[in-house]
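Structure below is final12.txt: compact mmCIF, N, CA and C atoms.
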```txt
# COMPACT_ATOMS: atom_id res chain seq x y z
N MET G 199 9.60 6.92 -1.59
CA MET G 199 8.71 6.72 -0.48
C MET G 199 8.62 5.21 -0.20
N ARG G 200 8.73 4.86 1.06
CA ARG G 200 8.56 3.48 1.48
C ARG G 200 7.12 3.30 1.96
N ASN G 201 6.67 2.04 2.00
CA ASN G 201 5.31 1.81 2.49
C ASN G 201 5.22 0.50 3.24
N ARG G 202 4.13 0.36 3.95
CA ARG G 202 3.87 -0.84 4.73
C ARG G 202 2.66 -1.60 4.18
N VAL G 203 2.47 -1.51 2.89
CA VAL G 203 1.31 -2.15 2.27
C VAL G 203 1.40 -3.67 2.39
N THR G 204 2.56 -4.23 2.09
CA THR G 204 2.70 -5.69 2.13
C THR G 204 2.40 -6.23 3.52
N GLU G 205 3.03 -5.65 4.54
CA GLU G 205 2.80 -6.17 5.89
C GLU G 205 1.37 -5.94 6.35
N SER G 206 0.77 -4.84 5.93
CA SER G 206 -0.63 -4.57 6.29
C SER G 206 -1.55 -5.58 5.62
N ARG G 207 -1.28 -5.89 4.36
CA ARG G 207 -2.08 -6.88 3.62
C ARG G 207 -1.92 -8.26 4.24
N GLN G 208 -0.71 -8.61 4.57
CA GLN G 208 -0.46 -9.93 5.15
C GLN G 208 -1.09 -10.08 6.53
N ARG G 209 -1.15 -8.99 7.27
CA ARG G 209 -1.79 -9.02 8.59
C ARG G 209 -3.27 -9.40 8.47
N LEU G 210 -3.90 -9.01 7.37
CA LEU G 210 -5.29 -9.38 7.12
C LEU G 210 -5.42 -10.75 6.45
N ALA G 211 -4.28 -11.35 6.12
CA ALA G 211 -4.23 -12.63 5.40
C ALA G 211 -4.93 -12.54 4.05
N TRP G 212 -4.74 -11.39 3.37
CA TRP G 212 -5.31 -11.17 2.05
C TRP G 212 -4.26 -11.42 0.98
N SER G 213 -4.71 -11.92 -0.15
CA SER G 213 -3.84 -12.03 -1.32
C SER G 213 -3.74 -10.66 -1.98
N GLN G 214 -2.78 -10.54 -2.89
CA GLN G 214 -2.68 -9.30 -3.66
C GLN G 214 -3.93 -9.08 -4.49
N GLN G 215 -4.51 -10.17 -5.00
CA GLN G 215 -5.73 -10.04 -5.80
C GLN G 215 -6.88 -9.55 -4.95
N ARG G 216 -7.01 -10.05 -3.72
CA ARG G 216 -8.09 -9.60 -2.84
C ARG G 216 -7.97 -8.11 -2.57
N LEU G 217 -6.75 -7.63 -2.31
CA LEU G 217 -6.55 -6.20 -2.07
C LEU G 217 -6.89 -5.41 -3.33
N ALA G 218 -6.44 -5.90 -4.48
CA ALA G 218 -6.74 -5.22 -5.75
C ALA G 218 -8.25 -5.12 -5.95
N ASP G 219 -8.97 -6.20 -5.67
CA ASP G 219 -10.42 -6.18 -5.81
C ASP G 219 -11.06 -5.18 -4.86
N GLU G 220 -10.59 -5.12 -3.63
CA GLU G 220 -11.12 -4.17 -2.64
C GLU G 220 -10.90 -2.72 -3.08
N LEU G 221 -9.76 -2.48 -3.75
CA LEU G 221 -9.40 -1.12 -4.17
C LEU G 221 -9.92 -0.76 -5.55
N GLY G 222 -10.33 -1.75 -6.33
CA GLY G 222 -10.77 -1.49 -7.69
C GLY G 222 -9.62 -1.21 -8.64
N VAL G 223 -8.48 -1.86 -8.39
CA VAL G 223 -7.30 -1.71 -9.25
C VAL G 223 -6.84 -3.09 -9.68
N SER G 224 -5.84 -3.14 -10.54
CA SER G 224 -5.31 -4.43 -10.98
C SER G 224 -4.33 -4.99 -9.94
N ARG G 225 -4.11 -6.28 -10.01
CA ARG G 225 -3.12 -6.92 -9.14
C ARG G 225 -1.74 -6.35 -9.43
N GLN G 226 -1.46 -6.03 -10.69
CA GLN G 226 -0.17 -5.44 -11.05
C GLN G 226 0.05 -4.11 -10.34
N THR G 227 -1.03 -3.33 -10.17
CA THR G 227 -0.90 -2.06 -9.46
C THR G 227 -0.51 -2.31 -8.01
N VAL G 228 -1.15 -3.29 -7.38
CA VAL G 228 -0.82 -3.63 -5.99
C VAL G 228 0.64 -4.07 -5.89
N ILE G 229 1.07 -4.93 -6.81
CA ILE G 229 2.46 -5.39 -6.82
C ILE G 229 3.42 -4.21 -6.95
N SER G 230 3.14 -3.29 -7.85
CA SER G 230 4.00 -2.13 -8.07
C SER G 230 4.06 -1.23 -6.85
N ILE G 231 2.93 -1.04 -6.18
CA ILE G 231 2.91 -0.23 -4.96
C ILE G 231 3.74 -0.93 -3.88
N GLU G 232 3.51 -2.22 -3.68
CA GLU G 232 4.23 -2.96 -2.64
C GLU G 232 5.74 -2.92 -2.87
N ARG G 233 6.16 -3.00 -4.10
CA ARG G 233 7.60 -3.01 -4.41
C ARG G 233 8.20 -1.61 -4.48
N GLY G 234 7.37 -0.58 -4.31
CA GLY G 234 7.88 0.78 -4.33
C GLY G 234 8.17 1.31 -5.72
N ARG G 235 7.65 0.65 -6.73
CA ARG G 235 7.86 1.11 -8.11
C ARG G 235 6.82 2.10 -8.56
N PHE G 236 5.75 2.21 -7.78
CA PHE G 236 4.63 3.10 -8.14
C PHE G 236 4.10 3.74 -6.87
N ASP G 237 4.05 5.07 -6.86
CA ASP G 237 3.44 5.79 -5.74
C ASP G 237 1.97 6.02 -6.10
N PRO G 238 1.06 5.58 -5.25
CA PRO G 238 -0.36 5.71 -5.59
C PRO G 238 -0.80 7.16 -5.59
N SER G 239 -1.86 7.42 -6.34
CA SER G 239 -2.46 8.75 -6.31
C SER G 239 -2.99 9.01 -4.90
N LEU G 240 -3.27 10.24 -4.58
CA LEU G 240 -3.78 10.56 -3.25
C LEU G 240 -5.11 9.86 -2.96
N PRO G 241 -6.06 9.85 -3.90
CA PRO G 241 -7.30 9.11 -3.61
C PRO G 241 -7.06 7.62 -3.36
N LEU G 242 -6.16 7.00 -4.10
CA LEU G 242 -5.85 5.59 -3.89
C LEU G 242 -5.15 5.39 -2.55
N ALA G 243 -4.26 6.30 -2.19
CA ALA G 243 -3.58 6.20 -0.90
C ALA G 243 -4.59 6.28 0.24
N PHE G 244 -5.57 7.16 0.13
CA PHE G 244 -6.61 7.25 1.16
C PHE G 244 -7.44 5.96 1.21
N ARG G 245 -7.72 5.36 0.06
CA ARG G 245 -8.47 4.09 0.05
C ARG G 245 -7.67 2.99 0.72
N LEU G 246 -6.37 2.95 0.44
CA LEU G 246 -5.50 1.97 1.10
C LEU G 246 -5.53 2.14 2.61
N ALA G 247 -5.39 3.37 3.07
CA ALA G 247 -5.40 3.62 4.51
C ALA G 247 -6.74 3.22 5.12
N ALA G 248 -7.83 3.47 4.41
CA ALA G 248 -9.15 3.11 4.91
C ALA G 248 -9.31 1.59 4.99
N VAL G 249 -8.84 0.88 3.96
CA VAL G 249 -8.92 -0.58 3.95
C VAL G 249 -8.16 -1.17 5.14
N PHE G 250 -7.01 -0.58 5.45
CA PHE G 250 -6.17 -1.09 6.53
C PHE G 250 -6.47 -0.43 7.88
N ASP G 251 -7.45 0.49 7.89
CA ASP G 251 -7.85 1.18 9.12
C ASP G 251 -6.65 1.82 9.81
N CYS G 252 -5.91 2.62 9.04
CA CYS G 252 -4.75 3.32 9.58
C CYS G 252 -4.63 4.68 8.92
N THR G 253 -3.69 5.47 9.35
CA THR G 253 -3.47 6.78 8.76
C THR G 253 -2.49 6.66 7.59
N LEU G 254 -2.46 7.69 6.76
CA LEU G 254 -1.49 7.72 5.67
C LEU G 254 -0.07 7.68 6.22
N GLU G 255 0.14 8.38 7.34
CA GLU G 255 1.48 8.44 7.94
C GLU G 255 1.93 7.09 8.46
N GLU G 256 0.98 6.25 8.87
CA GLU G 256 1.33 4.91 9.32
C GLU G 256 1.64 3.98 8.16
N LEU G 257 1.04 4.24 7.02
CA LEU G 257 1.17 3.37 5.86
C LEU G 257 2.32 3.77 4.94
N PHE G 258 2.55 5.06 4.79
CA PHE G 258 3.59 5.56 3.88
C PHE G 258 4.63 6.34 4.66
N LEU G 259 5.90 6.02 4.37
CA LEU G 259 7.01 6.62 5.09
C LEU G 259 7.93 7.32 4.10
N PRO G 260 8.45 8.49 4.46
CA PRO G 260 9.40 9.15 3.56
C PRO G 260 10.70 8.35 3.48
N ASP G 261 11.36 8.44 2.34
CA ASP G 261 12.67 7.78 2.20
C ASP G 261 13.65 8.42 3.15
N GLU G 262 14.53 7.60 3.69
CA GLU G 262 15.61 8.14 4.52
C GLU G 262 16.57 8.88 3.59
N GLN G 263 16.91 10.09 3.99
CA GLN G 263 17.83 10.87 3.17
C GLN G 263 19.10 11.14 3.96
N SER G 264 20.22 10.87 3.35
CA SER G 264 21.49 11.14 4.02
C SER G 264 21.89 12.58 3.73
N GLU G 265 22.58 13.15 4.69
CA GLU G 265 22.99 14.55 4.53
C GLU G 265 24.46 14.65 4.29
```
Translate the structure of the given file into structure tokens.
Amino acid sequence: MRNRVTESRQRLAWSQQRLADELGVSRQTVISIERGRFDPSLPLAFRLAAVFDCTLEELFLPDEQSE
């Protein structure tokens, strides 16, 4: 799954630490989500969408799959 967390965070001019504090997670968790190494739980994904005032579909994108 791809995501737009980094660009959404940067649009607010927030650091990774500021986002982590807003979400109640570690900065490492934010880094892992941004790099696509960790898919957030559904409750965390909803919190991310709420922080960025967008839908889950706008924030998280399915991987492109070749046929």
>> Could you go through chain G and tell me which residues DSSP, when run on the backbone, assigns to helix (DSSP H, G or I), listing them as a PyMOL selection string?
In response: chain G and resi 203-209+214-221+225-232+240-249+254-257
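From atom N of Leu217 in chain G back to atom N of Arg200 in chain G, the distance works out to 20.2 Å.
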> Skipping near chain neighbours, those fewer than 3 positions away, what residues fall within 8 Å of Arg225 in chain G using only C-alpha atoms, listed as a ChimeraX atom specification?
Replying inline: /G:214-215,217-218,228-229
Do you know which residues are at most 7 Å from Val203 in chain G counting only N, CA and C atoms, after dropping those on the same chain fewer than 6 positions away, and could you put them as a compact mmCIF listing (two decimals) with N, CA and C atoms, in the coordinates of the input?
```
# COMPACT_ATOMS: atom_id res chain seq x y z
N ILE G 231 2.93 -1.04 -6.18
CA ILE G 231 2.91 -0.23 -4.96
C ILE G 231 3.74 -0.93 -3.88
N GLU G 232 3.51 -2.22 -3.68
CA GLU G 232 4.23 -2.96 -2.64
C GLU G 232 5.74 -2.92 -2.87
N LEU G 257 1.04 4.24 7.02
CA LEU G 257 1.17 3.37 5.86
C LEU G 257 2.32 3.77 4.94
N PHE G 258 2.55 5.06 4.79
CA PHE G 258 3.59 5.56 3.88
C PHE G 258 4.63 6.34 4.66
```
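Our summary of the geometry notes that atom C of Phe236 in chain G is positioned 17.4 Å from atom C of Arg207 in chain G.
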